[in-house]
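As C-alpha cells, the structure follows; a few thoughts come after it.
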There are 6 protein chains.
Amino acid sequence: MLAKADGVIAGLAVGCRAFSLIDHRIVWEPHVDDGAVVTAGTPIATILGSARGILTGERVALNLIQQLSGTATLTRRFVDLVAGTGARIVDTRKTTPGLRTLEKYAIRMGGGYNHRIGLYDAVLIKDNHLAAGGGVLATVRAAREGAPHTMKIEVECKSLDQVDEAIESRADIILLDNMDLDTLSVAVGRVRAGGSALTEASGGVNLTTVRAIAETGVDLISVGALTHSAPALDISLDFELG
Amino acid sequence: MLAKADGVIAGLAVGCRAFSLIDHRIVWEPHVDDGAVVTAGTPIATILGSARGILTGERVALNLIQQLSGTATLTRRFVDLVAGTGARIVDTRKTTPGLRTLEKYAIRMGGGYNHRIGLYDAVLIKDNHLAAGGGVLATVRAAREGAPHTMKIEVECKSLDQVDEAIESRADIILLDNMDLDTLSVAVGRVRAGGSALTEASGGVNLTTVRAIAETGVDLISVGALTHSAPALDISLDFELG
Amino acid sequence: MLAKADGVIAGLAVGCRAFSLIDHRIVWEPHVDDGAVVTAGTPIATILGSARGILTGERVALNLIQQLSGTATLTRRFVDLVAGTGARIVDTRKTTPGLRTLEKYAIRMGGGYNHRIGLYDAVLIKDNHLAAGGGVLATVRAAREGAPHTMKIEVECKSLDQVDEAIESRADIILLDNMDLDTLSVAVGRVRAGGSALTEASGGVNLTTVRAIAETGVDLISVGALTHSAPALDISLDFELG
Amino acid sequence: MLAKADGVIAGLAVGCRAFSLIDHRIVWEPHVDDGAVVTAGTPIATILGSARGILTGERVALNLIQQLSGTATLTRRFVDLVAGTGARIVDTRKTTPGLRTLEKYAIRMGGGYNHRIGLYDAVLIKDNHLAAGGGVLATVRAAREGAPHTMKIEVECKSLDQVDEAIESRADIILLDNMDLDTLSVAVGRVRAGGSALTEASGGVNLTTVRAIAETGVDLISVGALTHSAPALDISLDFELG
Amino acid sequence: MLAKADGVIAGLAVGCRAFSLIDHRIVWEPHVDDGAVVTAGTPIATILGSARGILTGERVALNLIQQLSGTATLTRRFVDLVAGTGARIVDTRKTTPGLRTLEKYAIRMGGGYNHRIGLYDAVLIKDNHLAAGGGVLATVRAAREGAPHTMKIEVECKSLDQVDEAIESRADIILLDNMDLDTLSVAVGRVRAGGSALTEASGGVNLTTVRAIAETGVDLISVGALTHSAPALDISLDFELG
Amino acid sequence: MLAKADGVIAGLAVGCRAFSLIDHRIVWEPHVDDGAVVTAGTPIATILGSARGILTGERVALNLIQQLSGTATLTRRFVDLVAGTGARIVDTRKTTPGLRTLEKYAIRMGGGYNHRIGLYDAVLIKDNHLAAGGGVLATVRAAREGAPHTMKIEVECKSLDQVDEAIESRADIILLDNMDLDTLSVAVGRVRAGGSALTEASGGVNLTTVRAIAETGVDLISVGALTHSAPALDISLDFELG
C-alpha cells in the first residue's frame, strides 16, 4: 500500500480490519503510524496473505484510508497555517453519515481538536435555537437549568450585542459566527475582559482566511470543510505474487 | 393499572409501548403523568383492547413502570429531605445494565438531576485514575489537553490537600468523596474562595445523612442507591371483561 | 475487586467479559466462584492489564456483579430461612427488563430455583386469564387442548373452591395466591389428596413470613422481590500501579 | 395468487408482509384463510397496487407461502390417516434453519400439534444424552433435580427394559423410538398401567406406516419429514394490468 | 456424523460452526469434503469435545447439513442425467427464505451452476414484467437503457414469435418457458442463427424429462425443485463417551 | 431549506426521513425534486413542525443532502462536458463506506450511470487479479467458467497487446486504463472491429481531460472522484417561529 500524493495518513487501524475480518491469517505490516506526514511514493503498509482475501478487502480498506487520510491532510494544512497563534482548529458535526467517530479521529491525526461529538455531550445554542428560545440570555439560562451540571453551554453570536448578552449569561463558550475581522477582534477582547469563557470563530473559514482569523486571538476556529469537503488522498495497492 | 403503594410514577411513556408494539389497536389512557406523586389505590392508566394483547404485554409494562417508579420514588425522598438547601440530588453511573437512559429519566421525574451519562460526555477523574495519572494537578492538566474544549473536567478528592490541588488545576467540578461533615464544610469553603468550580459530595449518603450533608453548602450530592438499590414500586393490573 | 459487605457472589462470568471485550489481553483471576458466600473484605478477583482498559470496563463490570450478587444474596437469605422444610424458593417474571436470563442465573447461585422463563415455556393461568377464560376448569381445559403436550399448566387459585376446581382440571401445578396460613394448609392438603399436582405459594412472602409459609408443606414459594427489589451488594475495585 | 395443486394453505399472514414492507399502499385481499384446504385452480389472494412493488415482493411472498403450504399439506395427509385413533401428529426440531416458528405454525394449520420448540421449553433425553448421563433412571432424576418445576421431562426408550426404567423414573413423556408394532403395543400398555405418562412414537413413520402405529394406542406420533422433506406446494402469481 | 442414505454432502463448513460458536474447544474432523458422493454408512465427520457442547449444537448442525446435502443430492441426479449434452443445470430464486446463499452453494456442490442471486445482479424479464412493460422488444430496450452496462438482460419467451422479438432486442439470454420439445428445438435453432444469446429452458423439468430437454441443444436448464422440494438427506450423529 | 450555491439536488427522499423518524408529525414540503438544477438562493423544502424535532433532525438531514448533492453536482459537470459524444459517465466502487447505495443514486440524479455495485454483480478483472490469474486470456476464461452465466466479465487493459488478448477472450467489457489519447483511440478501434465488447476509459479523468477522452469514441468513462472527492453542496436551514 503506497501513498500516491503528499499528505497525512489516518485510518490504518480500521482499514486493516477490512482484511482481518475476511481472513484472519492475512498479515498487516504498517510502515507508518496514523498521523504520519508522507510524500508521494511512501510505502504505507505491506499486506501478506492469500490473493483472494487481499483482493476482496482491498477496496473497503482503501476507501476508508483514503477518505480519512484526506480529512487528516486538509486538517494539517489548516493547523500549519495557524501555527504559533494559540488558536486550535476544531471540527463540526458536518460529518459523513455513519463515519463521524472515524472522521473525528482523523481530525486529531491531522493535529486538530474535536468539538462536541453529538447533541448529547455539550449544549450548542445556534441561531435557530435562539429564535425558538427567546434571545441569548433567556436561552442560555433555560439550558443551564435543564442540562446536567457536567455539561458546558456554548452560544452562537452574530453581533456584539449578542456577545454582551452571552457574557452576562455566563455561557462557557461563545461562538462568534461570520464576523468580519475587526468585529471579531472586538468580540474576543470583550469576552476576555468579561470572564473566563472560551471564544470560537466560525463561518468564512478557508485556507486563505484562517491565519488572520487566528491572529484575532480567538481560542478555537471550527471548519466544516474538514469533514464535508476534504478530497480523498490518493493511495493504491500494488500486488506481487509471493 | 393501579398503584398499590405510595410513590412517584415514572415510565408510563415507555411502559405503554409494551402494549402498542404487540397490538397497535390497544388504547392506553393515562390518568396521571410521569412525575406524579400518587397514593396506594390511585388509578394510573386504563388499557383497552383484546385480552390476548393486554395479557401478553402486561408483565413487560409492569416490570418497566415498577422499576422506574421505584427509582423516582426513592429520588423524591432524597430531594424532599434537602429542600431549601440549594443542593441538587444527582445520580451516578451505577445503573442497571441496559436501562441507564430510562433510569436517568426516572431520576428527573423524582425531582433529581442527572450527572454525566457515560464516559463520553464529561471527564470524571477518580482515585483509580489519579493513581494511574500521577496526582490531581498532573491528571487534570493532561485531561484538559486531551479532551475537547467542550467537556467539563471533574476530579475526586479525598483530602483537603487534594482539594487545594484541584482548585489550582482549575477543574470545573470538585467531587468531595467520603469526607466527614466538618472536612466537607472546610472543603466547600475553600472551593468557593478559590474560584468558580462546583462542589459535589459522595459517599455515605443515605436518608439519615443527606440533610446534614446538604447543609454544608455543597452544590451537588450524588447517590448511587437511587439506581442500584431502589425497591420497585408495587403496581398491578386488574382485568375487566368488556 | 473486593466485597465491601457480606453476601453471595454472582455474575463473575459475565462481569469479566466487560474487560475482555474492551481489551482481550486483560487477565481476570477470580478468587471465588459464582455462588460463594463472602464476608466484607473478601477479595473477589484480581484484574491485570492496562489502566485504560480496566478503567473503561470497571463500571459495567461492577454494575453487573453488584446487581446479580444483590439478587443472589437476598435469595440465599430466603433459602436459609426455609432450610429443612422441603420447600423450594423460586423466582417470578418480575425481572429487570433485559436482564432476565442473568437474574435467573443469580437466583440459582443463591440456592433458589427458577420458575418458567417466559410466556413460552409453561402455561401460567392467573386471575386476569381466568376472568377472560371463564373459570378454572374451562380455562385449564382450553389451555390443555391448545398447548403442546410438552408444556405444564399451572393455575392460580385464591380460594379453596378454585383449588377444588384446579384439582379436578388436572392442572400440573396449583398456585395458591395470597392465602392466610390456615387456608394455605388446607389447600396443600387437598391437593396432596387429590392427585400429583405441585403446590406453589405466592403473595405476602417476605423474610418474616416465609418460614411459616414453608411449614404448611407447600412445594414452592415464589418471591418477586428477589428480582425487583434486591439492593445491590457493595463491591469495589481498588487500583494498584504495576 | 392461485393454487396450482391440491393442498392446505399456510403462511398468508407472513407472505403478505413481503408486499406491505415494500410498499404499504399495496392492498392484499385474501380469498381463503391459513388452514384452508384448496384444489388446483383456487384463487388464494388478490394483490392490488403498483407493478413495481408487486414484482419486487412476488418471489419472497411465494417462497414463503409455497414452503409453508407444502408443510401444512403433508401434515394434513398424516393427520387424515390417523383420524379416529386419538393419536396426535406432532413435529420435531428437524426444521429449516431460520424458519422454525413459521414451520411450527404451518404444522398447526395442517391439523398437527407442536412438540417442544427448542432446548428451552421441555427436556427431551435422547440416546446420546443417556450415553452421557448413565442410563434412563439416573438421567431422568438428574434432569428433574436441575430443571425448573415447570418443565416436563421426556425420555427416549429403544427397548422395553428402558420403558420400565422410564416408568419408574416418573418421566412425564416416554418416547418409543424405532420399535416394531408389537413391541410398541406392549410398551404403550406398560406405560398406561404404570402411571400417567404420555407415550410418543418416532422412527420409521411414513404415509404407509402411520395408521398402524396410531392403532397401537400411542398418544403422539412425531414426524421429522413434515418439516425437513415436505415438497413446496405449487402456487403462482398472475399479473393483470389495472 | 454418519450418512444414513446415499447422496452428495454439502454444508459441512457451515454446519461445523454450530459447534464452534457454542464451544470453541470442540474439534471438528471432517472425513469428506463438501461435494463428496457418499453411500449410506459413510462417516462424514468426527466431533470431539464436551458432551454438553456437542448435544447443544447437534440439531442445528444436522438441520443445516441434511437440508443442504438434500439439495446437492437432487442437483447431482439432474446433472448426471444431462451428462455429455453440454447443458448446464442451474437454480432459480425459488429458495428457502434466509438460506439462499447456502442453497446456491449446495447447488454448486452437486455439480450445478448458479443463476442470478437476486433482483440486483441480472435483469430477468418474465411474463408479469412483459405485461407491465409492453412486449418483449419495448421491455428489453427500456431495461437496457435503465440498467448499468455491467448487467445482462434475460427475457422469458413462451412462443416462437416472442423468441424472434427477443433476438431482435439483442437480449443476452433467452428463457424458453414451458415449450414442448419440438418448439424448444426450433427456438434454440433460431437463437443460434440470430446471434450470440444464451438459451435457457424452464418449466416441466423433472428427472424424467430433463434428458430430452438437454438434447435440444439448450445451454441452460433451470429447476426450481432443486431448492424448494429437495428432501433432506438422512444424516445422524452417534455419541461415544471418551 | 435553501441552496446557498449552484448545483444539483440529491437526497431529499432520504434526508426528509431524518425528521419523520424523530417525529412523524413533522411535515416535509419539497419545492424541487432530486435531480433538479438549482441556483444559490433557491428554496429546496419547507419543514413544518415542532422546534424540538426539527432542530434534532436538522444536522443529519443536511449532512446527507449536502453530501449527495455535492456528488450529483460534480457528476452533472462531467456529464455536461461530454454532451453529444455518446460516452456515458459512470461511477466506481471508490465510495464512502456505508453510503454506496445513496451515492450511486446521486450519480444517477446528476445524469451519470452506475457501474457495478459490488463484487457480486459483475466480474471486473484488474491488474492485481491478472497478476494472480496468469494474464488476460487465462483469467477471463477461468472467470467465465466459474461465474454464473448471468454475469458480465470486464477486464482491465493497460496496453494494446492486452486489448488484443481481451478481444480474443470475448470479455464483455474492456477497461482501457491510463492510456494516452492516441493509444485509447487505437484501442477503441480494435475493440469495435473485433466484436461486440463495450469499451470503458479510466485513469487521469478530470474536468479538463474528459471531453477529449470522450471524443475517442469510448462507450464509458469511469470517474472515482465523483464519489471520493466531491465537495459538499452548501445548503442551510433557516428557522421561523410559527
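Residues are referred to by chain and number: the chain letter is A, B, ... according to the order shown in the C-alpha cells, the number counts from 1 in that chain, and ligands are numbered separately from 1 in the order shown.
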Neighbours of Gly217 (chain E) within 9 Å (only C-alpha atoms; same-chain residues fewer than 6 positions away dropped), as a list in words? Thr85, Gly86, Ala87, Ser185, Val188, Gly189 and Thr199 of chain E
Contacts of region 71-81 of chain A at 6 Å or less, counting only C-alpha atoms, minus same-chain residues fewer than 5 places along, as a VMD selection string? chain A and resid 7 to 8 106 to 107 109 to 111 211 226 230
Would you put the residues from that selection into a file with N, CA, C and O atoms, as a short mmCIF file (atom, residue, chain, number, x, y, z; two decimals), in the first residue's frame?
```cif
data_model
loop_
_atom_site.label_atom_id
_atom_site.label_comp_id
_atom_site.auth_asym_id
_atom_site.auth_seq_id
_atom_site.Cartn_x
_atom_site.Cartn_y
_atom_site.Cartn_z
N GLY A 7 0.65 13.89 1.94
CA GLY A 7 -0.46 14.10 2.87
C GLY A 7 -0.20 13.49 4.24
O GLY A 7 0.94 13.12 4.56
N VAL A 8 -1.26 13.40 5.03
CA VAL A 8 -1.19 12.83 6.37
C VAL A 8 -2.03 11.55 6.37
O VAL A 8 -3.17 11.55 5.90
N ALA A 106 -9.69 11.20 12.61
CA ALA A 106 -8.79 11.70 11.56
C ALA A 106 -8.42 13.17 11.82
O ALA A 106 -7.30 13.60 11.55
N ILE A 107 -9.36 13.95 12.33
CA ILE A 107 -9.09 15.35 12.68
C ILE A 107 -7.92 15.42 13.67
O ILE A 107 -6.99 16.21 13.51
N MET A 109 -5.64 13.17 14.14
CA MET A 109 -4.41 12.72 13.47
C MET A 109 -3.79 13.84 12.63
O MET A 109 -2.59 13.87 12.40
N GLY A 110 -4.62 14.77 12.19
CA GLY A 110 -4.11 15.90 11.41
C GLY A 110 -3.70 17.08 12.30
O GLY A 110 -3.34 18.14 11.78
N GLY A 111 -3.76 16.90 13.61
CA GLY A 111 -3.33 17.97 14.51
C GLY A 111 -4.46 18.86 14.98
O GLY A 111 -4.23 19.83 15.70
N ARG A 211 -5.50 32.28 8.81
CA ARG A 211 -4.42 32.88 9.61
C ARG A 211 -4.87 34.19 10.27
O ARG A 211 -4.64 34.41 11.46
N LEU A 226 -13.47 20.46 6.76
CA LEU A 226 -12.56 19.36 7.13
C LEU A 226 -13.24 18.01 6.94
O LEU A 226 -12.61 17.04 6.54
N ALA A 230 -13.31 17.48 2.24
CA ALA A 230 -11.91 17.10 2.02
C ALA A 230 -11.82 16.07 0.91
O ALA A 230 -12.48 15.03 0.98
#
```
Could you pull out the strand (DSSP E or B) residues of region 8-130 of chain A from DSSP and send them as number ranges by chain? A: 8, 27-30, 37-38, 43, 45-48, 88-90, 113, 123-125
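Residues in contact with Ala3 (chain B) at up to 7 Å, not including ones fewer than 6 positions away on its chain and judged by only C-alpha atoms, are Thr39, Ala40, Gly41, Thr42, Pro43, Ile44, Asp234, Ile235 and Ser236 of chain B.
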Once DSSP has gone over the backbone, tell me which residues of region 82-198 of chain E are in alpha helix (DSSP H), as a PyMOL selection string. chain E and resi 100-109+127-133+136-146+160-168+181-194
At a cut-off of 12 Å, using only C-alpha atoms, what residues contact Thr183 (chain F)? Leave out same-chain residues fewer than 3 positions from it and give the result as a list in words. Cys157, Lys158, Ser159, Leu160, Asp161, Val163, Leu176, Asp177, Asn178, Met179, Asp180, Val186, Ala187, Val188, Gly189, Arg190, Ala201, Ile213, Thr216 and Val218 of chain F
Since we have the selection now, will you write its residues out, keeping all heavy atoms, as a compact mmCIF listing (two decimals), in the first residue's frame?
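The new file again-v8.txt reads:
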```txt
# COMPACT_ATOMS: atom_id res chain seq x y z
N CYS F 157 -7.18 -3.39 -19.24
CA CYS F 157 -6.00 -3.48 -20.10
C CYS F 157 -5.21 -2.19 -20.02
O CYS F 157 -5.77 -1.10 -20.06
CB CYS F 157 -6.43 -3.70 -21.56
SG CYS F 157 -7.36 -5.22 -21.80
N LYS F 158 -3.89 -2.33 -19.94
CA LYS F 158 -3.02 -1.16 -19.90
C LYS F 158 -2.22 -1.01 -21.19
O LYS F 158 -1.53 -0.02 -21.40
CB LYS F 158 -2.07 -1.24 -18.70
CG LYS F 158 -2.78 -1.14 -17.36
CD LYS F 158 -1.78 -1.15 -16.20
CE LYS F 158 -2.49 -1.11 -14.86
NZ LYS F 158 -3.32 0.07 -14.60
N SER F 159 -2.29 -2.02 -22.07
CA SER F 159 -1.53 -1.96 -23.32
C SER F 159 -2.37 -2.51 -24.46
O SER F 159 -3.36 -3.21 -24.24
CB SER F 159 -0.26 -2.81 -23.19
OG SER F 159 -0.63 -4.18 -23.17
N LEU F 160 -1.95 -2.21 -25.69
CA LEU F 160 -2.69 -2.71 -26.85
C LEU F 160 -2.59 -4.23 -26.96
O LEU F 160 -3.52 -4.90 -27.44
CB LEU F 160 -2.18 -2.02 -28.12
CG LEU F 160 -2.55 -0.52 -28.18
CD1 LEU F 160 -1.85 0.17 -29.35
CD2 LEU F 160 -4.07 -0.35 -28.31
N ASP F 161 -1.49 -4.78 -26.50
CA ASP F 161 -1.36 -6.24 -26.52
C ASP F 161 -2.43 -6.88 -25.63
O ASP F 161 -3.07 -7.86 -26.00
CB ASP F 161 0.03 -6.66 -26.00
CG ASP F 161 1.10 -6.45 -27.06
OD1 ASP F 161 0.75 -6.06 -28.21
OD2 ASP F 161 2.29 -6.64 -26.74
N VAL F 163 -5.21 -5.53 -24.95
CA VAL F 163 -6.50 -5.32 -25.62
C VAL F 163 -6.76 -6.44 -26.62
O VAL F 163 -7.86 -6.99 -26.70
CB VAL F 163 -6.54 -3.93 -26.30
CG1 VAL F 163 -7.78 -3.79 -27.18
CG2 VAL F 163 -6.50 -2.82 -25.25
N LEU F 176 -9.99 0.36 -20.51
CA LEU F 176 -8.74 0.89 -21.04
C LEU F 176 -8.21 1.87 -20.02
O LEU F 176 -8.69 2.99 -19.88
CB LEU F 176 -9.03 1.55 -22.40
CG LEU F 176 -9.78 0.61 -23.38
CD1 LEU F 176 -10.37 1.39 -24.55
CD2 LEU F 176 -8.86 -0.50 -23.86
N ASP F 177 -7.18 1.42 -19.26
CA ASP F 177 -6.76 2.16 -18.08
C ASP F 177 -5.52 3.00 -18.33
O ASP F 177 -4.49 2.47 -18.78
CB ASP F 177 -6.51 1.18 -16.92
CG ASP F 177 -6.24 1.91 -15.63
OD1 ASP F 177 -7.08 2.76 -15.25
OD2 ASP F 177 -5.20 1.66 -15.00
N ASN F 178 -5.63 4.28 -18.03
CA ASN F 178 -4.46 5.17 -18.06
C ASN F 178 -3.75 5.20 -19.41
O ASN F 178 -2.52 5.29 -19.46
CB ASN F 178 -3.46 4.73 -16.98
CG ASN F 178 -3.73 5.47 -15.67
OD1 ASN F 178 -3.96 6.69 -15.70
ND2 ASN F 178 -3.74 4.75 -14.58
N MET F 179 -4.49 5.13 -20.50
CA MET F 179 -3.87 5.22 -21.83
C MET F 179 -3.86 6.67 -22.29
O MET F 179 -4.77 7.43 -21.99
CB MET F 179 -4.69 4.39 -22.83
CG MET F 179 -4.60 2.89 -22.58
SD MET F 179 -5.49 1.96 -23.85
CE MET F 179 -5.07 0.27 -23.36
N ASP F 180 -2.84 7.04 -23.06
CA ASP F 180 -2.88 8.38 -23.65
C ASP F 180 -3.93 8.38 -24.76
O ASP F 180 -4.41 7.33 -25.19
CB ASP F 180 -1.49 8.79 -24.16
CG ASP F 180 -0.97 7.86 -25.23
OD1 ASP F 180 -1.71 7.59 -26.23
OD2 ASP F 180 0.16 7.38 -25.11
N VAL F 186 -6.79 4.06 -30.74
CA VAL F 186 -6.45 2.80 -31.42
C VAL F 186 -7.18 1.63 -30.74
O VAL F 186 -7.78 0.78 -31.41
CB VAL F 186 -4.92 2.57 -31.40
CG1 VAL F 186 -4.58 1.21 -32.02
CG2 VAL F 186 -4.22 3.69 -32.16
N ALA F 187 -7.13 1.63 -29.43
CA ALA F 187 -7.76 0.54 -28.69
C ALA F 187 -9.25 0.47 -28.98
O ALA F 187 -9.81 -0.61 -29.24
CB ALA F 187 -7.52 0.72 -27.18
N VAL F 188 -9.91 1.62 -28.92
CA VAL F 188 -11.34 1.65 -29.19
C VAL F 188 -11.63 1.08 -30.59
O VAL F 188 -12.54 0.28 -30.80
CB VAL F 188 -11.90 3.08 -29.04
CG1 VAL F 188 -13.32 3.18 -29.57
CG2 VAL F 188 -11.84 3.51 -27.58
N GLY F 189 -10.80 1.47 -31.54
CA GLY F 189 -10.97 0.99 -32.91
C GLY F 189 -10.84 -0.52 -32.99
O GLY F 189 -11.66 -1.20 -33.63
N ARG F 190 -9.81 -1.05 -32.35
CA ARG F 190 -9.61 -2.51 -32.41
C ARG F 190 -10.79 -3.27 -31.79
O ARG F 190 -11.21 -4.30 -32.29
CB ARG F 190 -8.33 -2.90 -31.65
CG ARG F 190 -7.08 -2.45 -32.38
CD ARG F 190 -5.87 -3.21 -31.88
NE ARG F 190 -4.65 -2.57 -32.38
CZ ARG F 190 -3.42 -2.87 -31.99
NH1 ARG F 190 -3.24 -3.82 -31.09
NH2 ARG F 190 -2.37 -2.26 -32.50
N ALA F 201 -13.08 3.86 -20.39
CA ALA F 201 -11.80 4.52 -20.09
C ALA F 201 -11.75 4.88 -18.62
O ALA F 201 -12.76 5.28 -18.03
CB ALA F 201 -11.65 5.78 -20.94
N ILE F 213 -11.20 12.64 -23.96
CA ILE F 213 -11.34 11.19 -23.78
C ILE F 213 -12.64 10.71 -24.41
O ILE F 213 -12.67 9.70 -25.12
CB ILE F 213 -11.30 10.84 -22.27
CG1 ILE F 213 -9.90 11.13 -21.71
CG2 ILE F 213 -11.70 9.40 -22.03
CD1 ILE F 213 -9.79 11.06 -20.20
N THR F 216 -12.71 10.08 -28.20
CA THR F 216 -12.06 8.90 -28.80
C THR F 216 -13.10 7.85 -29.19
O THR F 216 -12.76 6.86 -29.82
CB THR F 216 -11.09 8.22 -27.81
OG1 THR F 216 -11.85 7.77 -26.69
CG2 THR F 216 -10.00 9.18 -27.36
N VAL F 218 -14.96 6.15 -26.95
CA VAL F 218 -15.12 5.17 -25.88
C VAL F 218 -16.58 5.18 -25.40
O VAL F 218 -17.25 6.22 -25.44
CB VAL F 218 -14.10 5.52 -24.76
CG1 VAL F 218 -14.59 6.68 -23.92
CG2 VAL F 218 -13.75 4.31 -23.94
```
Chain A residues near chain B (9 Å cut-off, only C-alpha atoms) as JSON, numbers by chain: {"A": [90, 113, 114, 115, 116, 117, 120, 121, 122, 123, 146, 147, 148, 149, 150, 151, 152, 153, 154, 172, 173, 198, 220]}
Mind checking which residues fall within 9 Å of region 193-195 of chain E, counting only C-alpha atoms, ignoring those fewer than 5 positions away in the same chain, and posting them as a ChimeraX atom specification? /E:164,167-168,170,188
With all heavy atoms retained, export the selected residues as a PDB file, in the first residue's frame.
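Contents of the output file part.pdb:
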```pdb
ATOM      1  N   ASP E 164     -38.439 -14.513 -31.622  1.00  0.00           N
ATOM      2  CA  ASP E 164     -37.946 -13.662 -32.712  1.00  0.00           C
ATOM      3  C   ASP E 164     -37.736 -12.229 -32.226  1.00  0.00           C
ATOM      4  O   ASP E 164     -36.730 -11.590 -32.537  1.00  0.00           O
ATOM      5  CB  ASP E 164     -38.940 -13.670 -33.884  1.00  0.00           C
ATOM      6  CG  ASP E 164     -38.971 -15.039 -34.575  1.00  0.00           C
ATOM      7  OD1 ASP E 164     -37.970 -15.794 -34.437  1.00  0.00           O
ATOM      8  OD2 ASP E 164     -39.979 -15.354 -35.215  1.00  0.00           O
ATOM      9  N   ILE E 167     -34.624 -12.034 -30.064  1.00  0.00           N
ATOM     10  CA  ILE E 167     -33.391 -11.993 -30.862  1.00  0.00           C
ATOM     11  C   ILE E 167     -33.172 -10.583 -31.379  1.00  0.00           C
ATOM     12  O   ILE E 167     -32.070 -10.026 -31.285  1.00  0.00           O
ATOM     13  CB  ILE E 167     -33.471 -13.001 -32.029  1.00  0.00           C
ATOM     14  CG1 ILE E 167     -33.536 -14.442 -31.470  1.00  0.00           C
ATOM     15  CG2 ILE E 167     -32.296 -12.842 -32.981  1.00  0.00           C
ATOM     16  CD1 ILE E 167     -33.906 -15.492 -32.501  1.00  0.00           C
ATOM     17  N   GLU E 168     -34.226  -9.995 -31.874  1.00  0.00           N
ATOM     18  CA  GLU E 168     -34.118  -8.631 -32.402  1.00  0.00           C
ATOM     19  C   GLU E 168     -33.712  -7.640 -31.309  1.00  0.00           C
ATOM     20  O   GLU E 168     -32.979  -6.680 -31.562  1.00  0.00           O
ATOM     21  CB  GLU E 168     -35.474  -8.213 -33.003  1.00  0.00           C
ATOM     22  CG  GLU E 168     -35.398  -6.911 -33.780  1.00  0.00           C
ATOM     23  CD  GLU E 168     -36.785  -6.395 -34.186  1.00  0.00           C
ATOM     24  OE1 GLU E 168     -37.741  -7.207 -34.151  1.00  0.00           O
ATOM     25  OE2 GLU E 168     -36.896  -5.199 -34.506  1.00  0.00           O
ATOM     26  N   ARG E 170     -31.748  -8.060 -28.990  1.00  0.00           N
ATOM     27  CA  ARG E 170     -30.379  -8.329 -28.545  1.00  0.00           C
ATOM     28  C   ARG E 170     -30.303  -8.610 -27.040  1.00  0.00           C
ATOM     29  O   ARG E 170     -29.299  -8.239 -26.384  1.00  0.00           O
ATOM     30  CB  ARG E 170     -29.441  -7.203 -28.952  1.00  0.00           C
ATOM     31  CG  ARG E 170     -29.463  -6.924 -30.457  1.00  0.00           C
ATOM     32  CD  ARG E 170     -28.516  -5.805 -30.864  1.00  0.00           C
ATOM     33  NE  ARG E 170     -27.138  -6.070 -30.453  1.00  0.00           N
ATOM     34  CZ  ARG E 170     -26.258  -6.797 -31.157  1.00  0.00           C
ATOM     35  NH1 ARG E 170     -26.615  -7.335 -32.327  1.00  0.00           N
ATOM     36  NH2 ARG E 170     -25.042  -6.989 -30.715  1.00  0.00           N
ATOM     37  N   VAL E 188     -34.267 -22.918 -30.077  1.00  0.00           N
ATOM     38  CA  VAL E 188     -32.810 -22.959 -29.904  1.00  0.00           C
ATOM     39  C   VAL E 188     -32.117 -22.704 -31.240  1.00  0.00           C
ATOM     40  O   VAL E 188     -31.151 -21.943 -31.333  1.00  0.00           O
ATOM     41  CB  VAL E 188     -32.375 -24.315 -29.303  1.00  0.00           C
ATOM     42  CG1 VAL E 188     -30.867 -24.500 -29.360  1.00  0.00           C
ATOM     43  CG2 VAL E 188     -32.879 -24.447 -27.862  1.00  0.00           C
TER      44      VAL E 188
END
```
